[in-house]
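Pasting work.pdb here (PDB, C-alpha atoms and all ligand atoms):
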```pdb
ATOM      1  CA  MET C 307     -12.509   5.055 -11.067  1.00  0.00           C
ATOM      2  CA  THR C 308     -15.485   2.692 -11.133  1.00  0.00           C
ATOM      3  CA  ALA C 309     -15.926  -0.455  -9.074  1.00  0.00           C
ATOM      4  CA  ILE C 310     -17.471  -3.870  -9.582  1.00  0.00           C
ATOM      5  CA  ILE C 311     -18.679  -6.175  -6.827  1.00  0.00           C
ATOM      6  CA  THR C 312     -19.638  -9.675  -7.967  1.00  0.00           C
ATOM      7  CA  ILE C 313     -21.980 -11.971  -6.049  1.00  0.00           C
ATOM      8  CA  ASP C 314     -22.152 -15.573  -7.188  1.00  0.00           C
ATOM      9  CA  GLY C 315     -23.713 -18.598  -5.578  1.00  0.00           C
ATOM     10  CA  PRO C 316     -26.329 -21.318  -5.891  1.00  0.00           C
ATOM     11  CA  ALA C 317     -30.064 -20.779  -6.336  1.00  0.00           C
ATOM     12  CA  GLY C 318     -31.774 -19.723  -3.129  1.00  0.00           C
ATOM     13  CA  ALA C 319     -28.697 -18.379  -1.317  1.00  0.00           C
ATOM     14  CA  GLY C 320     -30.284 -14.906  -1.261  1.00  0.00           C
ATOM     15  CA  LYS C 321     -28.096 -13.337  -3.956  1.00  0.00           C
ATOM     16  CA  SER C 322     -30.733 -11.133  -5.595  1.00  0.00           C
ATOM     17  CA  THR C 323     -32.089  -9.619  -2.402  1.00  0.00           C
ATOM     18  CA  VAL C 324     -28.621  -9.113  -0.956  1.00  0.00           C
ATOM     19  CA  ALA C 325     -27.150  -7.722  -4.188  1.00  0.00           C
ATOM     20  CA  ARG C 326     -30.022  -5.258  -4.595  1.00  0.00           C
ATOM     21  CA  ARG C 327     -29.769  -4.091  -0.993  1.00  0.00           C
ATOM     22  CA  LEU C 328     -25.974  -3.829  -1.070  1.00  0.00           C
ATOM     23  CA  ALA C 329     -26.178  -1.806  -4.284  1.00  0.00           C
ATOM     24  CA  ASP C 330     -28.703   0.564  -2.627  1.00  0.00           C
ATOM     25  CA  ARG C 331     -26.524   0.885   0.461  1.00  0.00           C
ATOM     26  CA  LEU C 332     -23.383   1.738  -1.527  1.00  0.00           C
ATOM     27  CA  GLY C 333     -25.133   3.840  -4.180  1.00  0.00           C
ATOM     28  CA  PHE C 334     -24.154   1.309  -6.879  1.00  0.00           C
ATOM     29  CA  GLU C 335     -26.301  -0.049  -9.697  1.00  0.00           C
ATOM     30  CA  PHE C 336     -27.516  -3.618  -9.639  1.00  0.00           C
ATOM     31  CA  LEU C 337     -27.166  -6.134 -12.466  1.00  0.00           C
ATOM     32  CA  ASP C 338     -29.296  -9.299 -12.368  1.00  0.00           C
ATOM     33  CA  THR C 339     -27.639 -11.595 -14.906  1.00  0.00           C
ATOM     34  CA  GLY C 340     -29.958 -14.568 -14.272  1.00  0.00           C
ATOM     35  CA  ALA C 341     -32.789 -12.364 -15.571  1.00  0.00           C
ATOM     36  CA  MET C 342     -30.976 -12.132 -18.923  1.00  0.00           C
ATOM     37  CA  TYR C 343     -30.791 -15.928 -19.360  1.00  0.00           C
ATOM     38  CA  ARG C 344     -34.439 -16.099 -18.359  1.00  0.00           C
ATOM     39  CA  ALA C 345     -35.359 -13.419 -20.924  1.00  0.00           C
ATOM     40  CA  VAL C 346     -33.689 -15.300 -23.787  1.00  0.00           C
ATOM     41  CA  ALA C 347     -35.615 -18.443 -22.790  1.00  0.00           C
ATOM     42  CA  LEU C 348     -38.870 -16.476 -22.595  1.00  0.00           C
ATOM     43  CA  ALA C 349     -38.271 -14.949 -26.029  1.00  0.00           C
ATOM     44  CA  ALA C 350     -37.714 -18.470 -27.438  1.00  0.00           C
ATOM     45  CA  LEU C 351     -40.950 -19.741 -25.891  1.00  0.00           C
ATOM     46  CA  ARG C 352     -42.891 -16.797 -27.255  1.00  0.00           C
ATOM     47  CA  ARG C 353     -41.441 -17.000 -30.754  1.00  0.00           C
ATOM     48  CA  GLY C 354     -41.658 -20.771 -30.983  1.00  0.00           C
ATOM     49  CA  VAL C 355     -37.880 -21.181 -31.276  1.00  0.00           C
ATOM     50  CA  ASP C 356     -36.833 -24.768 -30.510  1.00  0.00           C
ATOM     51  CA  LEU C 357     -34.871 -24.535 -27.241  1.00  0.00           C
ATOM     52  CA  ARG C 358     -32.741 -27.510 -28.294  1.00  0.00           C
ATOM     53  CA  ASP C 359     -31.725 -25.867 -31.561  1.00  0.00           C
ATOM     54  CA  GLN C 360     -28.502 -24.335 -30.301  1.00  0.00           C
ATOM     55  CA  ALA C 361     -27.803 -22.210 -33.377  1.00  0.00           C
ATOM     56  CA  ALA C 362     -31.354 -20.801 -33.440  1.00  0.00           C
ATOM     57  CA  LEU C 363     -31.217 -19.955 -29.736  1.00  0.00           C
ATOM     58  CA  ALA C 364     -27.829 -18.279 -30.207  1.00  0.00           C
ATOM     59  CA  ARG C 365     -29.223 -16.177 -33.079  1.00  0.00           C
ATOM     60  CA  LEU C 366     -32.195 -15.220 -30.941  1.00  0.00           C
ATOM     61  CA  ALA C 367     -29.948 -14.085 -28.059  1.00  0.00           C
ATOM     62  CA  HIS C 368     -28.111 -11.945 -30.566  1.00  0.00           C
ATOM     63  CA  SER C 369     -31.237 -10.329 -31.963  1.00  0.00           C
ATOM     64  CA  VAL C 370     -33.241  -9.514 -28.817  1.00  0.00           C
ATOM     65  CA  ASP C 371     -33.120  -6.060 -27.291  1.00  0.00           C
ATOM     66  CA  LEU C 372     -32.495  -6.417 -23.545  1.00  0.00           C
ATOM     67  CA  ARG C 373     -32.467  -3.393 -21.302  1.00  0.00           C
ATOM     68  CA  PHE C 374     -32.676  -2.702 -17.601  1.00  0.00           C
ATOM     69  CA  ASP C 375     -34.717   0.318 -16.619  1.00  0.00           C
ATOM     70  CA  GLN C 376     -35.075   1.221 -12.948  1.00  0.00           C
ATOM     71  CA  GLY C 377     -34.803  -2.368 -11.802  1.00  0.00           C
ATOM     72  CA  ARG C 378     -37.200  -3.682 -14.489  1.00  0.00           C
ATOM     73  CA  LEU C 379     -36.070  -5.867 -17.384  1.00  0.00           C
ATOM     74  CA  LEU C 380     -37.294  -4.849 -20.815  1.00  0.00           C
ATOM     75  CA  LEU C 381     -37.345  -7.409 -23.630  1.00  0.00           C
ATOM     76  CA  ASP C 382     -37.837  -5.659 -26.968  1.00  0.00           C
ATOM     77  CA  GLY C 383     -39.350  -2.768 -25.023  1.00  0.00           C
ATOM     78  CA  GLU C 384     -41.785  -4.855 -22.960  1.00  0.00           C
ATOM     79  CA  ASP C 385     -41.448  -5.192 -19.186  1.00  0.00           C
ATOM     80  CA  VAL C 386     -40.974  -8.945 -18.618  1.00  0.00           C
ATOM     81  CA  SER C 387     -39.800  -8.785 -14.983  1.00  0.00           C
ATOM     82  CA  GLU C 388     -42.638 -11.075 -13.868  1.00  0.00           C
ATOM     83  CA  ALA C 389     -43.032 -13.162 -17.039  1.00  0.00           C
ATOM     84  CA  ILE C 390     -39.440 -14.458 -16.793  1.00  0.00           C
ATOM     85  CA  ARG C 391     -40.185 -16.030 -13.395  1.00  0.00           C
ATOM     86  CA  THR C 392     -43.056 -18.347 -14.308  1.00  0.00           C
ATOM     87  CA  PRO C 393     -42.302 -22.079 -13.825  1.00  0.00           C
ATOM     88  CA  GLU C 394     -42.384 -22.525 -17.625  1.00  0.00           C
ATOM     89  CA  ALA C 395     -39.804 -19.793 -18.246  1.00  0.00           C
ATOM     90  CA  THR C 396     -37.689 -21.054 -15.334  1.00  0.00           C
ATOM     91  CA  ALA C 397     -37.619 -24.599 -16.760  1.00  0.00           C
ATOM     92  CA  ALA C 398     -36.699 -23.295 -20.229  1.00  0.00           C
ATOM     93  CA  THR C 399     -33.827 -21.130 -18.886  1.00  0.00           C
ATOM     94  CA  LYS C 400     -31.518 -24.136 -18.574  1.00  0.00           C
ATOM     95  CA  HIS C 401     -31.275 -24.254 -22.394  1.00  0.00           C
ATOM     96  CA  ALA C 402     -30.163 -20.636 -22.590  1.00  0.00           C
ATOM     97  CA  ALA C 403     -27.666 -21.080 -19.729  1.00  0.00           C
ATOM     98  CA  ASP C 404     -26.190 -24.260 -21.281  1.00  0.00           C
ATOM     99  CA  ASN C 405     -25.692 -22.649 -24.682  1.00  0.00           C
ATOM    100  CA  ALA C 406     -22.075 -21.432 -25.010  1.00  0.00           C
ATOM    101  CA  GLU C 407     -22.902 -18.955 -27.772  1.00  0.00           C
ATOM    102  CA  VAL C 408     -25.805 -17.459 -25.791  1.00  0.00           C
ATOM    103  CA  ARG C 409     -23.422 -17.120 -22.849  1.00  0.00           C
ATOM    104  CA  ARG C 410     -20.871 -15.283 -25.007  1.00  0.00           C
ATOM    105  CA  THR C 411     -23.534 -12.845 -26.182  1.00  0.00           C
ATOM    106  CA  LEU C 412     -24.854 -12.191 -22.686  1.00  0.00           C
ATOM    107  CA  ILE C 413     -21.372 -11.853 -21.201  1.00  0.00           C
ATOM    108  CA  ARG C 414     -20.605  -9.166 -23.778  1.00  0.00           C
ATOM    109  CA  PHE C 415     -23.831  -7.438 -22.817  1.00  0.00           C
ATOM    110  CA  GLN C 416     -22.994  -7.693 -19.091  1.00  0.00           C
ATOM    111  CA  ARG C 417     -19.543  -6.146 -19.621  1.00  0.00           C
ATOM    112  CA  GLU C 418     -21.050  -3.340 -21.674  1.00  0.00           C
ATOM    113  CA  ALA C 419     -23.676  -2.715 -18.991  1.00  0.00           C
ATOM    114  CA  ALA C 420     -20.900  -2.343 -16.406  1.00  0.00           C
ATOM    115  CA  GLN C 421     -18.843   0.114 -18.456  1.00  0.00           C
ATOM    116  CA  GLY C 422     -18.256   3.343 -16.569  1.00  0.00           C
ATOM    117  CA  ARG C 423     -20.573   2.394 -13.708  1.00  0.00           C
ATOM    118  CA  ASN C 424     -20.284   1.215 -10.125  1.00  0.00           C
ATOM    119  CA  ILE C 425     -22.183  -2.050 -10.047  1.00  0.00           C
ATOM    120  CA  VAL C 426     -23.092  -4.983  -7.877  1.00  0.00           C
ATOM    121  CA  THR C 427     -23.626  -7.873 -10.258  1.00  0.00           C
ATOM    122  CA  GLU C 428     -25.202 -11.184  -9.373  1.00  0.00           C
ATOM    123  CA  GLY C 429     -25.125 -14.602 -11.062  1.00  0.00           C
ATOM    124  CA  ARG C 430     -23.091 -17.806 -11.262  1.00  0.00           C
ATOM    125  CA  ASP C 431     -19.973 -16.808 -13.232  1.00  0.00           C
ATOM    126  CA  GLN C 432     -19.554 -13.128 -12.480  1.00  0.00           C
ATOM    127  CA  GLY C 433     -16.390 -13.331 -10.358  1.00  0.00           C
ATOM    128  CA  THR C 434     -14.833 -16.266 -12.198  1.00  0.00           C
ATOM    129  CA  LEU C 435     -15.446 -15.509 -15.855  1.00  0.00           C
ATOM    130  CA  VAL C 436     -17.185 -12.228 -16.554  1.00  0.00           C
ATOM    131  CA  PHE C 437     -15.384  -9.827 -14.214  1.00  0.00           C
ATOM    132  CA  PRO C 438     -12.171 -11.589 -13.114  1.00  0.00           C
ATOM    133  CA  ASP C 439     -10.711  -8.204 -12.083  1.00  0.00           C
ATOM    134  CA  ALA C 440     -13.678  -7.179  -9.907  1.00  0.00           C
ATOM    135  CA  GLN C 441     -12.717  -5.128  -6.838  1.00  0.00           C
ATOM    136  CA  MET C 442     -14.643  -7.474  -4.548  1.00  0.00           C
ATOM    137  CA  LYS C 443     -15.926 -10.983  -5.219  1.00  0.00           C
ATOM    138  CA  VAL C 444     -18.475 -12.653  -3.001  1.00  0.00           C
ATOM    139  CA  PHE C 445     -19.597 -16.272  -3.027  1.00  0.00           C
ATOM    140  CA  LEU C 446     -22.885 -16.440  -1.180  1.00  0.00           C
ATOM    141  CA  THR C 447     -24.078 -19.839  -0.104  1.00  0.00           C
ATOM    142  CA  ALA C 448     -26.357 -21.615   2.366  1.00  0.00           C
ATOM    143  CA  SER C 449     -27.133 -25.243   3.159  1.00  0.00           C
ATOM    144  CA  ALA C 450     -29.438 -27.046   0.725  1.00  0.00           C
ATOM    145  CA  GLU C 451     -32.094 -27.443   3.429  1.00  0.00           C
ATOM    146  CA  GLU C 452     -32.024 -23.767   4.380  1.00  0.00           C
ATOM    147  CA  ARG C 453     -32.308 -22.704   0.744  1.00  0.00           C
ATOM    148  CA  ALA C 454     -35.225 -25.066   0.143  1.00  0.00           C
ATOM    149  CA  ARG C 455     -36.926 -23.870   3.325  1.00  0.00           C
ATOM    150  CA  ARG C 456     -36.673 -20.243   2.156  1.00  0.00           C
ATOM    151  CA  ARG C 457     -38.026 -21.187  -1.273  1.00  0.00           C
ATOM    152  CA  CYS C 458     -41.021 -22.900   0.346  1.00  0.00           C
ATOM    153  CA  GLU C 459     -41.665 -19.772   2.417  1.00  0.00           C
ATOM    154  CA  GLN C 460     -41.560 -17.605  -0.731  1.00  0.00           C
ATOM    155  CA  LEU C 461     -43.967 -19.926  -2.543  1.00  0.00           C
ATOM    156  CA  LEU C 462     -46.351 -20.016   0.397  1.00  0.00           C
ATOM    157  CA  ALA C 463     -46.230 -16.225   0.675  1.00  0.00           C
ATOM    158  CA  ALA C 464     -47.192 -16.099  -3.011  1.00  0.00           C
ATOM    159  CA  GLY C 465     -50.126 -18.418  -2.287  1.00  0.00           C
ATOM    160  CA  VAL C 466     -48.551 -21.460  -3.980  1.00  0.00           C
ATOM    161  CA  ALA C 467     -48.632 -24.800  -2.137  1.00  0.00           C
ATOM    162  CA  ALA C 468     -45.079 -26.054  -1.591  1.00  0.00           C
ATOM    163  CA  ASP C 469     -43.830 -29.514  -0.721  1.00  0.00           C
ATOM    164  CA  PHE C 470     -40.424 -29.307   0.989  1.00  0.00           C
ATOM    165  CA  ASP C 471     -39.091 -32.597  -0.418  1.00  0.00           C
ATOM    166  CA  GLN C 472     -40.111 -31.682  -3.955  1.00  0.00           C
ATOM    167  CA  VAL C 473     -38.553 -28.227  -3.658  1.00  0.00           C
ATOM    168  CA  LEU C 474     -35.350 -29.758  -2.253  1.00  0.00           C
ATOM    169  CA  SER C 475     -35.101 -32.306  -5.025  1.00  0.00           C
ATOM    170  CA  ALA C 476     -35.727 -29.699  -7.795  1.00  0.00           C
ATOM    171  CA  GLN C 477     -33.062 -27.533  -6.175  1.00  0.00           C
ATOM    172  CA  ARG C 478     -30.551 -30.441  -6.141  1.00  0.00           C
ATOM    173  CA  GLN C 479     -31.167 -30.848  -9.864  1.00  0.00           C
ATOM    174  CA  ARG C 480     -30.543 -27.112 -10.469  1.00  0.00           C
ATOM    175  CA  ASP C 481     -27.391 -27.202  -8.328  1.00  0.00           C
ATOM    176  CA  LEU C 482     -26.110 -30.089 -10.398  1.00  0.00           C
ATOM    177  CA  GLU C 483     -26.883 -28.264 -13.648  1.00  0.00           C
ATOM    178  CA  ASP C 484     -25.223 -25.077 -12.395  1.00  0.00           C
ATOM    179  CA  GLN C 485     -22.102 -26.941 -11.273  1.00  0.00           C
ATOM    180  CA  SER C 486     -21.689 -29.140 -14.329  1.00  0.00           C
ATOM    181  CA  ARG C 487     -22.157 -26.526 -17.067  1.00  0.00           C
ATOM    182  CA  PRO C 488     -19.090 -26.834 -19.360  1.00  0.00           C
ATOM    183  CA  PHE C 489     -18.821 -23.040 -19.746  1.00  0.00           C
ATOM    184  CA  GLY C 490     -19.649 -20.706 -16.853  1.00  0.00           C
ATOM    185  CA  ALA C 491     -20.092 -23.435 -14.224  1.00  0.00           C
ATOM    186  CA  LEU C 492     -20.843 -22.332 -10.701  1.00  0.00           C
ATOM    187  CA  THR C 493     -17.726 -22.258  -8.550  1.00  0.00           C
ATOM    188  CA  ALA C 494     -16.231 -19.816  -6.077  1.00  0.00           C
ATOM    189  CA  ALA C 495     -13.417 -17.676  -7.460  1.00  0.00           C
ATOM    190  CA  PRO C 496     -10.201 -18.420  -5.514  1.00  0.00           C
ATOM    191  CA  ASP C 497     -10.151 -14.820  -4.280  1.00  0.00           C
ATOM    192  CA  ALA C 498     -13.858 -14.682  -3.333  1.00  0.00           C
ATOM    193  CA  PHE C 499     -15.119 -13.793   0.119  1.00  0.00           C
ATOM    194  CA  VAL C 500     -17.230 -16.879   0.919  1.00  0.00           C
ATOM    195  CA  LEU C 501     -20.208 -16.276   3.168  1.00  0.00           C
ATOM    196  CA  SER C 502     -22.781 -18.806   4.308  1.00  0.00           C
ATOM    197  CA  THR C 503     -26.099 -17.107   4.995  1.00  0.00           C
ATOM    198  CA  ASP C 504     -27.382 -19.932   7.222  1.00  0.00           C
ATOM    199  CA  GLY C 505     -28.837 -18.347  10.337  1.00  0.00           C
ATOM    200  CA  LEU C 506     -28.188 -14.777   9.118  1.00  0.00           C
ATOM    201  CA  SER C 507     -30.847 -12.205   8.274  1.00  0.00           C
ATOM    202  CA  VAL C 508     -30.638 -10.238   5.021  1.00  0.00           C
ATOM    203  CA  ASP C 509     -29.618  -7.170   7.057  1.00  0.00           C
ATOM    204  CA  GLN C 510     -26.791  -9.083   8.713  1.00  0.00           C
ATOM    205  CA  VAL C 511     -25.510 -10.362   5.369  1.00  0.00           C
ATOM    206  CA  VAL C 512     -25.645  -6.889   3.794  1.00  0.00           C
ATOM    207  CA  ASP C 513     -23.883  -5.429   6.863  1.00  0.00           C
ATOM    208  CA  ARG C 514     -21.061  -7.950   6.571  1.00  0.00           C
ATOM    209  CA  LEU C 515     -20.578  -7.319   2.886  1.00  0.00           C
ATOM    210  CA  ALA C 516     -20.702  -3.538   3.312  1.00  0.00           C
ATOM    211  CA  THR C 517     -18.065  -3.832   6.073  1.00  0.00           C
ATOM    212  CA  GLN C 518     -15.863  -5.988   3.818  1.00  0.00           C
ATOM    213  CA  TRP C 519     -16.233  -3.422   1.060  1.00  0.00           C
ATOM    214  CA  ARG C 520     -15.295  -0.526   3.329  1.00  0.00           C
ATOM    215  CA  GLN C 521     -12.252  -2.376   4.643  1.00  0.00           C
ATOM    216  CA  ARG C 522     -11.101  -3.251   1.145  1.00  0.00           C
ATOM    217  CA  SER C 523     -11.672   0.154  -0.341  1.00  0.00           C
ATOM    218  CA  ALA C 524      -9.839   1.806   2.569  1.00  0.00           C
ATOM    219  CA  THR C 525      -6.610  -0.112   1.808  1.00  0.00           C
TER
HETATM  220  O1  LIG F   1     -30.396 -16.568 -10.601  1.00  0.00           O
HETATM  221  P1  LIG F   1     -31.556 -17.053 -11.462  1.00  0.00           P
HETATM  222  O2  LIG F   1     -32.353 -18.171 -10.836  1.00  0.00           O
HETATM  223  O3  LIG F   1     -32.441 -15.959 -11.948  1.00  0.00           O
HETATM  224  O4  LIG F   1     -30.852 -17.690 -12.748  1.00  0.00           O
HETATM  225  C1  LIG F   1     -31.582 -18.280 -13.776  1.00  0.00           C
HETATM  226  C2  LIG F   1     -30.748 -19.365 -14.453  1.00  0.00           C
HETATM  227  O5  LIG F   1     -29.691 -18.792 -15.207  1.00  0.00           O
HETATM  228  C3  LIG F   1     -30.124 -20.376 -13.502  1.00  0.00           C
HETATM  229  O6  LIG F   1     -30.513 -21.669 -13.883  1.00  0.00           O
HETATM  230  C4  LIG F   1     -28.641 -20.247 -13.677  1.00  0.00           C
HETATM  231  C5  LIG F   1     -28.455 -19.428 -14.910  1.00  0.00           C
HETATM  232  N1  LIG F   1     -27.446 -18.379 -14.764  1.00  0.00           N
HETATM  233  C6  LIG F   1     -26.227 -18.597 -15.331  1.00  0.00           C
HETATM  234  O7  LIG F   1     -25.987 -19.679 -15.883  1.00  0.00           O
HETATM  235  N2  LIG F   1     -25.271 -17.629 -15.264  1.00  0.00           N
HETATM  236  C7  LIG F   1     -25.517 -16.467 -14.656  1.00  0.00           C
HETATM  237  N3  LIG F   1     -24.568 -15.522 -14.617  1.00  0.00           N
HETATM  238  C8  LIG F   1     -26.771 -16.228 -14.062  1.00  0.00           C
HETATM  239  C9  LIG F   1     -27.719 -17.226 -14.128  1.00  0.00           C
END
```
Reformat the file's structure so that it appears as structure tokens.
Ligand code: DC
Amino acid sequence: MTAIITIDGPAGAGKSTVARRLADRLGFEFLDTGAMYRAVALAALRRGVDLRDQAALARLAHSVDLRFDQGRLLLDGEDVSEAIRTPEATAATKHAADNAEVRRTLIRFQREAAQGRNIVTEGRDQGTLVFPDAQMKVFLTASAEERARRRCEQLLAAGVAADFDQVLSAQRQRDLEDQSRPFGALTAAPDAFVLSTDGLSVDQVVDRLATQWRQRSAT
């Protein structure tokens, strides 16, 4: 019997770090679905595919070879784990995420990747749309200010100057896009365990989720 834990939530709530750590703690694999949307956008930029040409982008999503290997994402065999996170790739990702056909292709890929495995999967639509029968669903959130503050810290740590108001306003725009997507919009599944990470360390969040998991799997 395999198990799926989904973690959805807005940008900056700490999903990736928490999902990775929870997966390590439980001995599960980790699936970063945002990385897949980013990879399709990156492939389009590299191949000169018009991001607004929905049919062309859908065909591209169909043709690329995406694979995860020891936490790295391979696009047609090349490790693109860093390349998918540049500001240019991040801005282009919206077109992949808004494209219903791209979403169908990636959802199929996500379900295949989960087959026969214990996984912690992270994204926007994992508990609502992709894995509605997941054994545990988590909706991880945090206040807009806290999320923007963390993002500024990350940027500063990477040596990039960050203006809090600009980061907050870009984040509001992303929240709006995530929430208003006609297919796969960000929302908490009715049966999700909702956790605000405001004022909690990563360790505390992982502890709470691991405790929830133990309680649920014991019943
Ligand atoms: O989590 P992230 O920042 O790497 O996600 C990149 C983009 O992909 C983000 O704008 C939302 C979108 N996304 C999505 O629509 N559905 C998912 N399951 C995961 C991410």
Can you spell out as an mmCIF file with C-alpha atoms, keeping the file's coordinate frame the set of residues that the PyMOL selection byres (((not hetatm)) within 6 of (chain F and resi 1)) selects in the structure I just provided?
```cif
data_model
loop_
_atom_site.group_PDB
_atom_site.id
_atom_site.type_symbol
_atom_site.label_atom_id
_atom_site.label_comp_id
_atom_site.auth_asym_id
_atom_site.auth_seq_id
_atom_site.Cartn_x
_atom_site.Cartn_y
_atom_site.Cartn_z
ATOM 1 C CA ALA C 317 -30.064 -20.779 -6.336
ATOM 2 C CA THR C 339 -27.639 -11.595 -14.906
ATOM 3 C CA GLY C 340 -29.958 -14.568 -14.272
ATOM 4 C CA ALA C 341 -32.789 -12.364 -15.571
ATOM 5 C CA TYR C 343 -30.791 -15.928 -19.360
ATOM 6 C CA ARG C 344 -34.439 -16.099 -18.359
ATOM 7 C CA THR C 399 -33.827 -21.130 -18.886
ATOM 8 C CA LYS C 400 -31.518 -24.136 -18.574
ATOM 9 C CA ALA C 403 -27.666 -21.080 -19.729
ATOM 10 C CA GLY C 429 -25.125 -14.602 -11.062
ATOM 11 C CA ARG C 430 -23.091 -17.806 -11.262
ATOM 12 C CA ASP C 431 -19.973 -16.808 -13.232
ATOM 13 C CA GLN C 432 -19.554 -13.128 -12.480
#
```
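Among the candidates C:Val473, C:Leu363, C:Ala419, C:Leu446, the residue lying nearest to Thr323 in chain C is C:Leu446 (atoms considered: all atoms listed in the file).
Residue neighbourhood of Arg327 in chain C, excluding near-sequence residues (fewer than 3 positions): Lys321, Ser322, Thr323, Val324, Asp330, Arg331, Leu332, Gly333, Phe334, Phe336, Val426, Val508, Asp509, Val511, Val512 and Asp513 of chain C, at 10 Å, using all atoms listed in the file.
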Item to check | Explicit residue set for the PyMOL selection byres (((chain C and resi 380) around 12) and not hetatm), as JSON, numbers by chain | outcome: {"C": [341, 342, 344, 345, 346, 348, 349, 370, 371, 372, 373, 374, 375, 376, 377, 378, 379, 381, 382, 383, 384, 385, 386, 387, 388, 389, 390]}
What residues come out when you apply the PyMOL selection byres (((chain C and resi 311) around 6) and not hetatm) to this file, written as a CSV table (one decimal) with C-alpha atoms, keeping the file's coordinate frame?
```csv
chain,number,residue,atom,x,y,z
C,310,ILE,CA,-17.5,-3.9,-9.6
C,312,THR,CA,-19.6,-9.7,-8.0
C,426,VAL,CA,-23.1,-5.0,-7.9
C,440,ALA,CA,-13.7,-7.2,-9.9
C,442,MET,CA,-14.6,-7.5,-4.5
C,443,LYS,CA,-15.9,-11.0,-5.2
```
Checklist entry - Quick one: of C:Arg326, C:Arg522, C:His368, C:Arg456, who's nearest to Asp504 in chain C, counting only C-alpha atoms? => result C:Arg456
